[in-house]
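K.L.:
Enclosed is the structure file protein20.pdb (PDB, C-alpha atoms).
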ATOM      1  CA  MET Y   1      -7.664  14.109 -13.619
ATOM      2  CA  SER Y   2      -4.205  13.936 -12.062
ATOM      3  CA  VAL Y   3      -5.717  12.468  -8.870
ATOM      4  CA  VAL Y   4      -7.568   9.797 -10.867
ATOM      5  CA  GLY Y   5      -4.423   9.043 -12.842
ATOM      6  CA  LEU Y   6      -2.378   8.634  -9.660
ATOM      7  CA  LYS Y   7      -4.989   6.299  -8.167
ATOM      8  CA  ASP Y   8      -5.108   4.175 -11.334
ATOM      9  CA  TYR Y   9      -1.319   3.959 -11.411
ATOM     10  CA  LEU Y  10      -1.125   2.868  -7.777
ATOM     11  CA  CYS Y  11      -3.927   0.311  -8.198
ATOM     12  CA  ASP Y  12      -2.087  -1.268 -11.137
ATOM     13  CA  ALA Y  13       1.155  -1.301  -9.153
ATOM     14  CA  ILE Y  14      -0.581  -2.897  -6.159
ATOM     15  CA  ALA Y  15      -2.081  -5.638  -8.337
ATOM     16  CA  GLU Y  16       1.346  -6.348  -9.807
ATOM     17  CA  ARG Y  17       3.001  -6.528  -6.362
ATOM     18  CA  ARG Y  18       0.315  -8.872  -5.056
ATOM     19  CA  SER Y  19       1.153 -11.334  -7.837
ATOM     20  CA  ARG Y  20       4.910 -10.715  -7.773
ATOM     21  CA  SER Y  21       6.193  -9.260  -4.522
ATOM     22  CA  SER Y  22       9.423  -7.278  -4.320
ATOM     23  CA  ASP Y  23      11.491  -5.646  -1.586
ATOM     24  CA  ASP Y  24      10.160  -2.138  -2.210
ATOM     25  CA  LEU Y  25       7.986   0.020   0.052
ATOM     26  CA  LEU Y  26       4.767  -0.813  -1.797
ATOM     27  CA  SER Y  27       5.278  -4.537  -1.247
ATOM     28  CA  LEU Y  28       6.024  -3.915   2.431
ATOM     29  CA  LEU Y  29       2.777  -1.965   2.817
ATOM     30  CA  ILE Y  30       0.762  -4.700   1.121
ATOM     31  CA  HIS Y  31       2.147  -7.399   3.403
ATOM     32  CA  ALA Y  32       2.340  -5.327   6.594
ATOM     33  CA  GLU Y  33       0.369  -6.907   9.430
ATOM     34  CA  ASP Y  34      -0.617  -5.650  12.860
ATOM     35  CA  GLN Y  35      -2.523  -7.934  15.235
ATOM     36  CA  GLY Y  36      -3.827  -9.989  12.325
ATOM     37  CA  GLN Y  37      -4.975  -6.975  10.296
ATOM     38  CA  VAL Y  38      -3.613  -5.950   6.892
ATOM     39  CA  LEU Y  39      -4.241  -2.955   4.658
ATOM     40  CA  ASP Y  40      -6.781  -3.270   1.867
ATOM     41  CA  ASP Y  41      -6.126  -1.740  -1.566
ATOM     42  CA  GLU Y  42      -7.885   1.528  -0.721
ATOM     43  CA  GLU Y  43      -5.784   1.954   2.413
ATOM     44  CA  VAL Y  44      -2.565   1.191   0.544
ATOM     45  CA  VAL Y  45      -3.457   3.772  -2.142
ATOM     46  CA  ALA Y  46      -4.250   6.388   0.510
ATOM     47  CA  THR Y  47      -0.978   5.711   2.340
ATOM     48  CA  CYS Y  48       1.085   5.911  -0.851
ATOM     49  CA  ALA Y  49      -0.621   9.152  -1.900
ATOM     50  CA  LEU Y  50       0.034  10.626   1.545
ATOM     51  CA  LEU Y  51       3.719   9.676   1.459
ATOM     52  CA  LEU Y  52       4.152  10.975  -2.088
ATOM     53  CA  VAL Y  53       2.302  14.284  -1.783
ATOM     54  CA  ALA Y  54       2.986  15.173   1.855
ATOM     55  CA  GLY Y  55       6.621  14.172   1.564
ATOM     56  CA  TYR Y  56       7.227  16.351  -1.482
ATOM     57  CA  GLU Y  57       4.852  19.296  -1.702
ATOM     58  CA  THR Y  58       5.054  20.422   1.910
ATOM     59  CA  THR Y  59       8.853  20.294   2.067
ATOM     60  CA  THR Y  60       9.174  22.114  -1.263
ATOM     61  CA  ASN Y  61       6.982  24.935  -0.006
ATOM     62  CA  MET Y  62       8.681  24.917   3.376
ATOM     63  CA  ILE Y  63      12.017  25.622   1.662
ATOM     64  CA  GLY Y  64      10.430  28.262  -0.564
ATOM     65  CA  ASN Y  65       8.641  30.030   2.287
ATOM     66  CA  GLY Y  66      11.760  29.960   4.428
ATOM     67  CA  LEU Y  67      13.932  31.410   1.680
ATOM     68  CA  LEU Y  68      11.326  34.088   0.968
ATOM     69  CA  ALA Y  69      11.267  35.082   4.642
ATOM     70  CA  LEU Y  70      15.058  35.371   4.683
ATOM     71  CA  LEU Y  71      15.158  37.493   1.539
ATOM     72  CA  ARG Y  72      12.459  39.778   2.949
ATOM     73  CA  HIS Y  73      14.420  40.151   6.203
ATOM     74  CA  PRO Y  74      18.028  40.941   5.176
ATOM     75  CA  ASP Y  75      19.105  41.422   8.803
ATOM     76  CA  GLN Y  76      18.128  37.820   9.573
ATOM     77  CA  LEU Y  77      19.771  36.562   6.397
ATOM     78  CA  ALA Y  78      22.978  38.337   7.402
ATOM     79  CA  LEU Y  79      22.716  36.818  10.873
ATOM     80  CA  LEU Y  80      22.419  33.329   9.411
ATOM     81  CA  ARG Y  81      25.318  33.922   7.033
ATOM     82  CA  GLY Y  82      27.458  35.058   9.935
ATOM     83  CA  ASP Y  83      26.569  31.994  12.005
ATOM     84  CA  PRO Y  84      25.659  28.969   9.843
ATOM     85  CA  GLU Y  85      24.926  26.941  12.992
ATOM     86  CA  LEU Y  86      21.739  28.984  13.330
ATOM     87  CA  VAL Y  87      20.231  27.022  10.418
ATOM     88  CA  THR Y  88      18.667  24.591  12.919
ATOM     89  CA  SER Y  89      16.726  27.260  14.791
ATOM     90  CA  ALA Y  90      16.091  29.096  11.509
ATOM     91  CA  VAL Y  91      14.217  26.083  10.110
ATOM     92  CA  GLU Y  92      12.056  25.970  13.237
ATOM     93  CA  GLU Y  93      11.282  29.642  12.725
ATOM     94  CA  PHE Y  94      10.347  28.976   9.082
ATOM     95  CA  LEU Y  95       7.845  26.425  10.385
ATOM     96  CA  ARG Y  96       6.384  28.903  12.846
ATOM     97  CA  TYR Y  97       6.502  32.109  10.836
ATOM     98  CA  ASP Y  98       5.138  30.870   7.494
ATOM     99  CA  SER Y  99       4.491  27.134   7.608
ATOM    100  CA  ALA Y 100       3.730  25.197   4.423
ATOM    101  CA  ALA Y 101       0.844  23.522   6.275
ATOM    102  CA  PHE Y 102      -1.926  26.103   6.592
ATOM    103  CA  ARG Y 103      -4.693  24.234   8.380
ATOM    104  CA  LEU Y 104      -5.786  20.797   9.495
ATOM    105  CA  MET Y 105      -9.172  19.110   9.743
ATOM    106  CA  ARG Y 106     -10.454  16.869  12.526
ATOM    107  CA  ARG Y 107     -13.781  15.146  13.188
ATOM    108  CA  ALA Y 108     -14.900  14.937  16.811
ATOM    109  CA  ARG Y 109     -15.497  11.372  17.985
ATOM    110  CA  VAL Y 110     -17.225  12.485  21.180
ATOM    111  CA  PRO Y 111     -18.709  15.808  22.344
ATOM    112  CA  VAL Y 112     -16.025  18.181  23.614
ATOM    113  CA  GLU Y 113     -16.057  21.712  25.003
ATOM    114  CA  ILE Y 114     -13.345  24.181  24.026
ATOM    115  CA  ASP Y 115     -13.312  27.661  25.508
ATOM    116  CA  GLY Y 116     -17.055  27.576  26.162
ATOM    117  CA  HIS Y 117     -17.984  26.204  22.731
ATOM    118  CA  VAL Y 118     -19.407  22.697  22.461
ATOM    119  CA  ILE Y 119     -18.335  20.574  19.494
ATOM    120  CA  GLU Y 120     -20.744  17.706  18.973
ATOM    121  CA  ALA Y 121     -19.694  14.193  17.995
ATOM    122  CA  GLY Y 122     -19.363  13.936  14.232
ATOM    123  CA  GLN Y 123     -18.772  17.637  13.652
ATOM    124  CA  VAL Y 124     -15.748  18.704  11.616
ATOM    125  CA  VAL Y 125     -13.343  21.262  13.057
ATOM    126  CA  PHE Y 126     -10.754  23.223  11.116
ATOM    127  CA  GLY Y 127      -7.610  24.178  13.016
ATOM    128  CA  LEU Y 128      -5.635  27.116  11.625
ATOM    129  CA  LEU Y 129      -1.995  26.303  12.275
ATOM    130  CA  HIS Y 130      -0.817  29.773  11.283
ATOM    131  CA  ALA Y 131      -3.065  31.341  13.908
ATOM    132  CA  GLY Y 132      -1.648  29.059  16.597
ATOM    133  CA  ASN Y 133       1.888  29.876  15.489
ATOM    134  CA  ARG Y 134       1.243  33.601  16.002
ATOM    135  CA  ASP Y 135      -0.396  33.198  19.425
ATOM    136  CA  PRO Y 136       1.060  35.967  21.643
ATOM    137  CA  ALA Y 137       0.361  33.832  24.712
ATOM    138  CA  HIS Y 138       3.007  31.360  23.499
ATOM    139  CA  PHE Y 139       5.389  33.435  21.383
ATOM    140  CA  ALA Y 140       7.048  36.702  22.309
ATOM    141  CA  ASP Y 141       6.569  39.306  19.564
ATOM    142  CA  PRO Y 142       4.925  36.644  17.332
ATOM    143  CA  ASP Y 143       4.932  38.710  14.123
ATOM    144  CA  ARG Y 144       8.714  39.140  14.267
ATOM    145  CA  PHE Y 145      10.820  36.802  12.137
ATOM    146  CA  ASP Y 146      13.756  35.661  14.284
ATOM    147  CA  VAL Y 147      16.105  32.900  13.082
ATOM    148  CA  ALA Y 148      17.606  32.660  16.575
ATOM    149  CA  ARG Y 149      14.259  32.255  18.369
ATOM    150  CA  ALA Y 150      14.545  29.809  21.281
ATOM    151  CA  ASP Y 151      11.889  27.509  22.813
ATOM    152  CA  ASN Y 152      10.038  27.544  19.505
ATOM    153  CA  HIS Y 153       7.202  25.099  20.176
ATOM    154  CA  HIS Y 154       5.351  25.720  16.904
ATOM    155  CA  LEU Y 155       2.577  23.742  15.221
ATOM    156  CA  GLY Y 156       4.224  23.503  11.817
ATOM    157  CA  PHE Y 157       4.159  19.702  11.959
ATOM    158  CA  GLY Y 158       0.859  19.410  13.797
ATOM    159  CA  TYR Y 159       0.554  18.029  17.311
ATOM    160  CA  GLY Y 160      -0.226  14.869  19.241
ATOM    161  CA  PRO Y 161      -0.963  11.507  17.604
ATOM    162  CA  HIS Y 162      -1.183  13.124  14.138
ATOM    163  CA  PHE Y 163       2.256  14.752  14.358
ATOM    164  CA  CYS Y 164       3.919  14.637  10.930
ATOM    165  CA  VAL Y 165       5.731  11.324  10.431
ATOM    166  CA  GLY Y 166       8.169  12.993   8.029
ATOM    167  CA  ALA Y 167       9.175  15.820  10.373
ATOM    168  CA  SER Y 168      12.778  14.679  10.796
ATOM    169  CA  ILE Y 169      13.546  14.324   7.099
ATOM    170  CA  ALA Y 170      11.705  17.579   6.281
ATOM    171  CA  ARG Y 171      13.874  19.410   8.810
ATOM    172  CA  LEU Y 172      17.039  17.826   7.422
ATOM    173  CA  GLU Y 173      16.178  18.576   3.785
ATOM    174  CA  THR Y 174      15.385  22.196   4.598
ATOM    175  CA  GLN Y 175      18.538  22.673   6.662
ATOM    176  CA  ILE Y 176      20.659  21.304   3.800
ATOM    177  CA  ALA Y 177      18.896  23.333   1.087
ATOM    178  CA  ILE Y 178      18.867  26.642   2.956
ATOM    179  CA  GLY Y 179      22.419  26.142   4.225
ATOM    180  CA  ALA Y 180      23.698  25.547   0.699
ATOM    181  CA  LEU Y 181      21.830  28.530  -0.779
ATOM    182  CA  VAL Y 182      23.040  30.909   1.914
ATOM    183  CA  ARG Y 183      26.624  29.649   1.631
ATOM    184  CA  ARG Y 184      26.962  29.434  -2.156
ATOM    185  CA  LEU Y 185      24.970  32.496  -3.284
ATOM    186  CA  PRO Y 186      26.107  35.525  -1.265
ATOM    187  CA  ASP Y 187      24.250  38.012  -3.471
ATOM    188  CA  LEU Y 188      20.965  36.083  -3.675
ATOM    189  CA  ALA Y 189      18.003  38.491  -3.863
ATOM    190  CA  LEU Y 190      14.332  38.560  -4.779
ATOM    191  CA  ALA Y 191      13.582  39.432  -8.386
ATOM    192  CA  PRO Y 192      11.262  42.447  -8.764
ATOM    193  CA  THR Y 193       8.048  40.622  -9.584
ATOM    194  CA  LEU Y 194       4.639  39.943  -8.062
ATOM    195  CA  LEU Y 195       4.466  36.607  -6.266
ATOM    196  CA  GLU Y 196       1.515  34.322  -6.952
ATOM    197  CA  TRP Y 197       0.380  32.152  -4.036
ATOM    198  CA  PHE Y 198      -1.386  28.824  -4.434
ATOM    199  CA  PRO Y 199      -5.176  29.260  -4.012
ATOM    200  CA  SER Y 200      -5.347  26.676  -1.233
ATOM    201  CA  PHE Y 201      -6.524  26.522   2.377
ATOM    202  CA  VAL Y 202      -4.324  23.486   3.007
ATOM    203  CA  ILE Y 203      -0.907  24.271   1.497
ATOM    204  CA  ARG Y 204       0.822  27.617   1.818
ATOM    205  CA  GLY Y 205       3.354  28.408  -0.886
ATOM    206  CA  VAL Y 206       4.128  30.381  -4.033
ATOM    207  CA  ARG Y 207       3.884  29.002  -7.541
ATOM    208  CA  ALA Y 208       7.374  30.328  -8.255
ATOM    209  CA  LEU Y 209      10.054  32.251  -6.380
ATOM    210  CA  PRO Y 210      12.053  34.319  -8.910
ATOM    211  CA  VAL Y 211      15.477  35.344  -7.610
ATOM    212  CA  THR Y 212      18.652  36.952  -8.909
ATOM    213  CA  PHE Y 213      22.233  35.928  -8.164
ATOM    214  CA  THR Y 214      25.717  35.785  -9.621
ATOM    215  CA  VAL Y 215      27.362  32.434 -10.266
TER     216      VAL Y 215
END
Using structure tokens, write down the structure from this file.
P.N.:
Amino acid sequence: MSVVGLKDYLCDAIAERRSRSSDDLLSLLIHAEDQGQVLDDEEVVATCALLLVAGYETTTNMIGNGLLALLRHPDQLALLRGDPELVTSAVEEFLRYDSAAFRLMRRARVPVEIDGHVIEAGQVVFGLLHAGNRDPAHFADPDRFDVARADNHHLGFGYGPHFCVGASIARLETQIAIGALVRRLPDLALAPTLLEWFPSFVIRGVRALPVTFTV
């Protein structure tokens, strides 16, 4: 029902902007043109939904997963506290070690062979990002959480032409959030409770992350 409600809301907003344009993002999408082509209502709705959901849910879980990894690895948390500049590489390690994006889906446009397996045109392939991020051929000691890991060419934002358009702002938001938590809450710790993960093959994250700290 929430999906239907979001679509109805966006359709009403699109109709309003078509009759009375503004300087907001929705109006820009409606009037955007590339080589004589413009977006129809369905494409505008899909784009808005992508920006809203992907720009919020993934980053929220990225921060949560990163904080959880730090709290479960006190040596790495201490390392980050001792050298706040490591927050940049730490965020990259969050993306590799326990990315908020679990898998992606692609449809083959032409037949292609991968490692001896033929994927026919039209077939759907699921790529498990977490598996790629633990590939021992690309990462030394891949199951080790290391906030100072260098040359971290992970798949947390995808790859190629479908690389996440919000990667830069997601990195910045996570660096700011984690940096502030580590700096302001020196006794931050996990609360003794069982974590509940979202039952999803797309998004990786916990429903809640109970913690304890002293203000």
K.L.:
Residues within 8 Å of Met105 in chain Y, please, as a list of chain:residue names. Count all atoms listed in the file; anything in the same chain fewer than 6 positions from it doesn't count.
P.N.:
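Residues meeting the cut-off are Y:Val124, Y:Val125, Y:Phe126, Y:Gly127.
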K.L.:
Hey, what comes out of the PyMOL selection byres ((chain Y and resi 47-63) around 10) on this file? Could you write it as a ChimeraX atom specification?
P.N.:
/Y:3,6-7,10,25-26,29,39,41-46,64-69,91,94-95,98-101,156,164-167,169-171,173-178,202-208
K.L.:
Quick one: which residues end up in the PyMOL selection byres ((chain Y and resi 76) around 12) for this structure, as an NGL selection string?
P.N.:
:Y and (66-75 or 77-84 or 86-87 or 89-90 or 93-94 or 144-149 or 182)
K.L.:
With the PyMOL selection byres ((chain Y and resi 191-196) around 6) as the selection, what would be picked from this file? Answer as number ranges by chain, please.
P.N.:
Y: 190, 197, 206-207, 210-212
K.L.:
To one decimal place, how far is CA of Cys11 in chain Y from CA of Asp23 in chain Y in Å?
P.N.:
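Straight-line distance from CA of Cys11 in chain Y to CA of Asp23 in chain Y works out to 17.8 Å.
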K.L.:
Calculated over only C-alpha atoms, which of the candidates Y:Gln123, Y:Arg18, Y:Phe201, Y:Ala180 has the smallest distance to Leu104 in chain Y?
P.N.:
Y:Phe201
K.L.:
Which of these residues is nearest to Arg183 in chain Y, using all atoms listed in the file: Y:Glu85, Y:Phe198, Y:Tyr97, Y:Ala13?
P.N.:
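When distances to Arg183 in chain Y are compared using all atoms listed in the file, the smallest one comes from Y:Glu85.
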K.L.:
What does the distance between CA of Phe163 in chain Y and CA of Leu129 in chain Y come to in Å, to one decimal place?
P.N.:
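Interatomic distance, CA of Phe163 in chain Y to CA of Leu129 in chain Y: 12.5 Å.
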K.L.:
Just how far from CA of His130 in chain Y is CA of Thr88 in chain Y, in Å to one decimal?
P.N.:
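Those two atoms sit 20.2 Å apart.
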K.L.:
Under the rule that only C-alpha atoms are counted, which of Y:Ala140, Y:Leu172, Y:Val112, Y:Val4 is the nearest residue to Asn152 in chain Y?
P.N.:
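Selected residue with least distance to Asn152 in chain Y: Y:Ala140.
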K.L.:
Considering only C-alpha atoms, can you say which of Y:Gln37, Y:Ser200, Y:Ser27, Y:Ser21 comes closest to Phe102 in chain Y?
P.N.:
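Selected residue with least distance to Phe102 in chain Y: Y:Ser200.
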